[in-house]
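Undergrad: File target_8.txt below, compact mmCIF, C-alpha atoms and all ligand atoms:
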# COMPACT_ATOMS: atom_id res chain seq x y z
CA MET A 1 -86.88 52.91 -60.48
CA ASP A 2 -87.05 52.48 -56.70
CA TRP A 3 -90.14 54.48 -55.76
CA VAL A 4 -90.98 55.65 -52.24
CA HIS A 5 -94.45 57.19 -52.03
CA LEU A 6 -95.51 59.05 -48.89
CA GLU A 7 -98.92 60.42 -47.98
CA GLU A 8 -97.34 63.42 -46.27
CA THR A 9 -93.82 64.58 -45.58
CA ASP A 10 -92.08 67.84 -44.85
CA SER A 11 -90.10 67.81 -48.12
CA THR A 12 -89.45 65.04 -50.63
CA ASN A 13 -86.09 66.67 -51.36
CA ARG A 14 -85.13 66.37 -47.70
CA VAL A 15 -86.15 62.69 -47.64
CA ALA A 16 -84.31 61.98 -50.91
CA LYS A 17 -81.15 63.68 -49.59
CA GLU A 18 -81.33 61.51 -46.50
CA LEU A 19 -81.73 58.37 -48.64
CA ALA A 20 -78.79 59.49 -50.80
CA ARG A 21 -76.62 59.76 -47.69
CA GLN A 22 -77.67 56.22 -46.75
CA GLY A 23 -76.50 54.97 -50.19
CA ALA A 24 -79.80 54.78 -52.12
CA PRO A 25 -79.16 54.06 -55.81
CA HIS A 26 -79.42 56.27 -58.88
CA GLY A 27 -83.06 56.41 -59.96
CA THR A 28 -84.60 56.40 -56.48
CA VAL A 29 -87.74 58.55 -56.52
CA VAL A 30 -89.52 60.02 -53.50
CA SER A 31 -93.01 61.40 -54.00
CA ALA A 32 -95.69 62.72 -51.67
CA LYS A 33 -99.33 63.66 -51.81
CA ARG A 34 -98.61 66.83 -49.85
CA GLN A 35 -95.64 68.51 -48.18
CA THR A 36 -95.71 70.45 -44.94
CA ALA A 37 -92.43 72.31 -45.56
CA GLY A 38 -91.84 72.13 -49.31
CA ARG A 39 -88.61 73.88 -50.25
CA GLY A 40 -88.28 76.39 -53.04
CA ARG A 41 -85.26 78.17 -54.48
CA LEU A 42 -83.48 80.92 -52.58
CA GLY A 43 -84.64 79.55 -49.21
CA ARG A 44 -88.33 80.05 -49.98
CA ARG A 45 -91.22 77.80 -49.00
CA PHE A 46 -92.99 75.93 -51.78
CA CYS A 47 -96.69 75.77 -51.10
CA SER A 48 -97.57 72.06 -51.47
CA PRO A 49 -101.24 71.30 -50.85
CA GLU A 50 -102.91 68.08 -51.94
CA GLY A 51 -103.53 68.22 -55.68
CA GLY A 52 -99.93 68.71 -56.76
CA ILE A 53 -97.24 66.32 -57.90
CA TYR A 54 -94.26 66.55 -55.56
CA LEU A 55 -91.36 64.35 -56.45
CA SER A 56 -87.62 64.12 -56.02
CA VAL A 57 -85.39 62.06 -58.30
CA LEU A 58 -82.00 60.94 -57.02
CA LEU A 59 -79.29 61.10 -59.67
CA ARG A 60 -75.82 59.66 -59.25
CA THR A 61 -74.42 61.50 -62.23
CA ASP A 62 -70.97 61.36 -63.76
CA LEU A 63 -71.28 64.98 -64.92
CA PRO A 64 -68.29 67.04 -63.76
CA PRO A 65 -69.24 69.46 -60.94
CA GLU A 66 -69.04 72.46 -63.30
CA ASP A 67 -71.74 70.91 -65.53
CA ARG A 68 -74.17 70.06 -62.75
CA ALA A 69 -75.90 73.40 -63.23
CA LEU A 70 -77.25 71.85 -66.46
CA LEU A 71 -79.48 69.53 -64.45
CA THR A 72 -82.05 72.25 -63.68
CA PRO A 73 -82.53 73.16 -67.38
CA MET A 74 -82.57 69.45 -68.22
CA ALA A 75 -85.33 68.78 -65.69
CA ALA A 76 -87.33 71.77 -66.99
CA VAL A 77 -87.15 70.38 -70.52
CA ALA A 78 -88.03 66.86 -69.33
CA VAL A 79 -91.15 68.12 -67.51
CA CYS A 80 -92.22 70.29 -70.48
CA ARG A 81 -91.87 67.43 -72.94
CA THR A 82 -93.86 65.08 -70.72
CA VAL A 83 -96.67 67.53 -69.97
CA GLU A 84 -96.93 68.39 -73.64
CA ARG A 85 -96.99 64.73 -74.73
CA LEU A 86 -99.49 63.51 -72.15
CA CYS A 87 -101.65 66.55 -71.39
CA GLY A 88 -101.58 68.39 -74.70
CA VAL A 89 -100.57 71.80 -73.36
CA ARG A 90 -97.22 73.46 -73.99
CA PRO A 91 -95.67 75.15 -70.94
CA ASP A 92 -92.99 77.81 -71.33
CA ILE A 93 -89.83 77.82 -69.27
CA LYS A 94 -88.96 80.89 -67.27
CA TRP A 95 -85.24 81.07 -66.52
CA VAL A 96 -84.04 79.40 -64.55
CA ASN A 97 -86.29 76.83 -62.94
CA ASP A 98 -89.96 77.62 -63.47
CA LEU A 99 -92.56 76.40 -65.92
CA TYR A 100 -95.35 78.76 -66.86
CA LEU A 101 -98.66 78.22 -68.58
CA GLU A 102 -100.44 81.31 -69.90
CA ASP A 103 -98.21 83.60 -67.83
CA LYS A 104 -98.89 81.74 -64.57
CA LYS A 105 -96.57 79.43 -62.68
CA LEU A 106 -97.28 75.73 -63.23
CA CYS A 107 -94.17 74.07 -61.84
CA GLY A 108 -90.99 74.80 -59.89
CA ILE A 109 -87.76 72.84 -59.85
CA LEU A 110 -85.15 72.71 -57.11
CA CYS A 111 -81.90 70.76 -57.56
CA GLU A 112 -79.91 70.11 -54.41
CA VAL A 113 -76.58 68.39 -53.91
CA ALA A 114 -76.27 65.52 -51.42
CA GLY A 115 -72.65 64.34 -51.32
CA ASP A 116 -71.92 62.94 -54.78
CA ALA A 117 -75.63 62.71 -55.66
CA VAL A 118 -77.96 65.39 -56.99
CA ILE A 119 -81.62 65.54 -56.03
CA VAL A 120 -83.92 66.91 -58.71
CA GLY A 121 -87.06 68.15 -56.95
CA ILE A 122 -90.15 68.90 -58.99
CA GLY A 123 -93.37 70.50 -57.77
CA LEU A 124 -96.08 70.53 -60.43
CA ASN A 125 -99.58 71.94 -59.96
CA TYR A 126 -101.55 68.99 -61.27
CA ALA A 127 -105.03 69.87 -59.97
CA MET A 128 -106.19 73.24 -58.71
CA PRO A 129 -106.42 73.15 -54.89
CA PRO A 130 -110.02 73.87 -53.81
CA ALA A 131 -108.79 76.84 -51.74
CA GLY A 132 -106.79 78.22 -54.68
CA PHE A 133 -103.14 79.26 -54.54
CA PRO A 134 -101.60 81.88 -52.27
CA PRO A 135 -101.69 85.29 -53.94
CA ASP A 136 -97.91 85.98 -53.90
CA ILE A 137 -97.16 84.49 -57.34
CA PRO A 138 -99.88 83.99 -59.97
CA ALA A 139 -100.16 80.22 -60.30
CA THR A 140 -102.17 77.76 -62.36
CA ALA A 141 -102.75 74.00 -62.53
CA LEU A 142 -103.15 71.51 -65.35
CA TYR A 143 -106.61 70.41 -64.29
CA PRO A 144 -109.56 71.45 -62.10
CA PRO A 145 -109.71 70.10 -58.51
CA ALA A 146 -111.11 66.73 -59.60
CA GLY A 147 -108.15 66.07 -61.91
CA GLY A 148 -108.16 65.22 -65.60
CA PRO A 149 -107.82 62.43 -68.14
CA VAL A 150 -104.18 61.72 -67.29
CA SER A 151 -103.84 60.47 -63.72
CA ARG A 152 -101.46 62.07 -61.27
CA GLU A 153 -99.61 58.74 -60.89
CA LYS A 154 -99.13 58.24 -64.63
CA LEU A 155 -97.89 61.79 -65.09
CA ALA A 156 -95.53 61.56 -62.09
CA GLU A 157 -94.04 58.29 -63.38
CA ALA A 158 -93.58 59.67 -66.88
CA ILE A 159 -91.87 62.80 -65.51
CA ALA A 160 -89.47 60.75 -63.38
CA GLU A 161 -88.68 58.54 -66.38
CA ALA A 162 -88.07 61.61 -68.57
CA VAL A 163 -85.70 63.11 -65.99
CA LEU A 164 -83.78 59.85 -65.74
CA THR A 165 -83.36 59.44 -69.48
CA ALA A 166 -82.68 63.05 -70.56
CA ASP A 167 -79.22 64.08 -71.69
CA PRO A 168 -78.34 67.40 -70.02
CA ARG A 169 -76.12 68.76 -72.78
CA ALA A 170 -78.55 67.76 -75.53
CA CYS A 171 -81.39 69.60 -73.74
CA MET A 172 -79.82 73.04 -73.90
CA ALA A 173 -81.06 74.05 -77.37
CA GLU A 174 -84.60 73.07 -76.39
CA TYR A 175 -84.24 74.85 -73.04
CA ARG A 176 -83.37 78.02 -74.91
CA ALA A 177 -86.15 77.59 -77.48
CA ARG A 178 -88.81 77.01 -74.81
CA ASN A 179 -87.61 79.88 -72.62
CA LEU A 180 -89.80 82.95 -72.48
CA VAL A 181 -87.13 85.27 -71.06
CA PRO A 182 -84.69 86.06 -73.93
CA GLY A 183 -85.73 89.19 -75.78
CA LYS A 184 -87.80 90.51 -72.86
CA ARG A 185 -87.33 93.51 -70.60
CA VAL A 186 -86.73 92.12 -67.13
CA THR A 187 -85.92 93.14 -63.60
CA VAL A 188 -82.89 91.27 -62.30
CA HIS A 189 -83.04 90.27 -58.62
CA PRO A 190 -79.45 89.35 -57.72
CA ILE A 191 -78.85 87.08 -54.72
CA SER A 192 -77.26 90.05 -53.03
CA GLY A 193 -77.72 93.65 -54.08
CA GLU A 194 -80.51 95.78 -55.42
CA PRO A 195 -82.81 94.76 -58.29
CA TYR A 196 -82.07 96.49 -61.60
CA PRO A 197 -83.77 96.74 -65.01
CA ALA A 198 -82.18 94.97 -67.98
CA LYS A 199 -82.88 93.44 -71.36
CA ALA A 200 -82.47 89.66 -71.51
CA LEU A 201 -80.43 88.75 -74.58
CA ASP A 202 -79.78 85.02 -74.60
CA ILE A 203 -79.11 81.84 -72.63
CA ASP A 204 -75.67 80.34 -73.08
CA ASP A 205 -74.68 76.66 -73.25
CA ARG A 206 -74.16 76.57 -69.50
CA GLY A 207 -77.74 77.70 -68.91
CA ARG A 208 -76.68 81.20 -67.86
CA LEU A 209 -78.73 84.26 -68.75
CA VAL A 210 -77.00 87.02 -70.68
CA VAL A 211 -78.45 90.46 -69.94
CA GLU A 212 -77.65 93.98 -71.04
CA TRP A 213 -78.13 96.81 -68.58
CA GLU A 214 -76.91 100.26 -67.72
CA GLN A 215 -73.40 99.02 -66.95
CA GLY A 216 -72.95 96.72 -69.95
CA THR A 217 -73.42 93.02 -70.52
CA THR A 218 -73.59 90.61 -67.57
CA ILE A 219 -73.88 86.83 -67.47
CA LEU A 220 -76.10 85.61 -64.64
CA ASP A 221 -75.67 82.12 -63.23
CA SER A 222 -77.87 82.64 -60.20
CA GLY A 223 -80.52 84.96 -58.90
CA GLU A 224 -83.87 85.54 -60.47
CA VAL A 225 -85.54 87.74 -63.02
CA SER A 226 -89.08 89.00 -63.19
CA VAL A 227 -90.43 89.53 -66.66
CA ARG A 228 -92.42 92.59 -67.57
CA PHE A 229 -95.12 90.80 -69.60
C1 LIG B 1 -89.24 76.84 -56.74
O1 LIG B 1 -90.26 77.13 -57.37
O2 LIG B 1 -88.57 77.70 -56.15
C2 LIG B 1 -88.79 75.41 -56.68
C3 LIG B 1 -89.83 74.53 -56.06
C4 LIG B 1 -89.47 73.07 -55.98
C5 LIG B 1 -90.52 72.29 -55.25
C6 LIG B 1 -90.29 70.80 -55.26
S1 LIG B 1 -91.69 69.93 -54.67
C7 LIG B 1 -90.78 68.46 -54.59
C8 LIG B 1 -89.42 68.83 -54.05
N1 LIG B 1 -89.42 68.84 -52.60
C9 LIG B 1 -89.22 70.06 -52.12
O3 LIG B 1 -89.20 70.35 -50.90
N2 LIG B 1 -89.06 70.94 -53.11
C10 LIG B 1 -89.13 70.30 -54.41
Could you express the structure from this file as structure tokens?
Ligand code: BTN
TA:
Amino acid sequence: MDWVHLEETDSTNRVAKELARQGAPHGTVVSAKRQTAGRGRLGRRFCSPEGGIYLSVLLRTDLPPEDRALLTPMAAVAVCRTVERLCGVRPDIKWVNDLYLEDKKLCGILCEVAGDAVIVGIGLNYAMPPAGFPPDIPATALYPPAGGPVSREKLAEAIAEAVLTADPRACMAEYRARNLVPGKRVTVHPISGEPYPAKALDIDDRGRLVVEWEQGTTILDSGEVSVRF
């Protein structure tokens, strides 16, 4: 692994995309102690105070473009496995890119394309920030502000390694099994259009969410759902 660690940057995904454009190899990892403009899905900001693990893994994958959507589920499974193995807690996955612990967000994943490379960006709440998290989404961390028995560095390295060695197609059954959405009543927030209530039925082999609602069955490959816990 070629590892670039920064004290502070705007976004490790942005830096990794830039390195990809300059020809950086598969397996390059960019990490930072904090981000000033962390990127989330759907154009959102990802709050990135000191205490989190922020890393971006550059993949030069031979997956055909239509299978690249599997990389987000793959990364979710890779992070879950690593956190469970090293920290002894079992996060759930919330379709499509979030990890939750006890109904609170622990980690977000953002995959971005940079030419023929894909950047897998992972933001994991390792230690609780002393000022807490912003109130918009209920969030939690693995450890209190001082950290825990597994160091941030060791966990970050193990996560990057897990992302680099996971097989996207072989992760799908585990992605489905660890996902808390199927079977739940949800509100679907499409990328465009009004939110609507639905029942989540299943996740297919392409990582898409199958929902049933007023107008029948729909397969979602983007957007977001909120779960009525
Ligand atoms: C989300 O929850 O919407 C996805 C958040 C992804 C955040 C990570 S932190 C490391 C990498 N760099 C970024 O700017 N974003 C991702």
Undergrad: Find the residue from A:Cys171, A:Cys47, A:Leu110, A:Val150 that sits nearest to ligand LIG 1 (chain B); use only C-alpha atoms and all ligand atoms when measuring.
TA: A:Leu110
Undergrad: Env of Asn13 of chain A: 9 Å cut, atoms = only C-alpha atoms, seq-sep filter 5 positions within chain, self excluded. Answer as a ChimeraX atom specification.
TA: /A:18,30,38-39,55-57,110-112,119-122
Undergrad: Would you pick out the contacts of Gly148 of chain A at 12 Å or less, using all atoms listed in the file, so that residues sharing its chain but fewer than 6 positions from it are not included, and give the list as a list of chain:residue names?
TA: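 These residues fall inside the cut-off: A:Gly51, A:Leu86, A:Cys87, A:Gly88, A:Tyr126, A:Ala127, A:Met128, A:Ala141, A:Leu142, A:Lys154, A:Leu155.
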Undergrad: Given a cut-off of 10 Å, what residues near ligand LIG 1 (chain B) show up using only C-alpha atoms and all ligand atoms, put as JSON, numbers by chain?
TA: {"A": [9, 10, 11, 12, 13, 14, 15, 16, 30, 31, 32, 34, 35, 36, 37, 38, 39, 40, 41, 42, 43, 44, 45, 46, 47, 48, 52, 53, 54, 55, 56, 57, 96, 97, 98, 99, 105, 106, 107, 108, 109, 110, 111, 112, 119, 120, 121, 122, 123, 124, 125]}
Undergrad: For each of A:Trp95, A:Ala158, A:Ala177, A:Gly147, take the minimum atom-to-atom distance to Leu220 of chain A, counting only C-alpha atoms, then give the residue where this is smallest.
TA: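 Among the listed residues, A:Trp95 lies closest to Leu220 of chain A.
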Undergrad: Between A:Val163, A:Val113, A:Leu101, A:Ala198, which residue has the minimum interatomic distance to Gln215 of chain A, considering all atoms listed in the file?
TA: A:Ala198
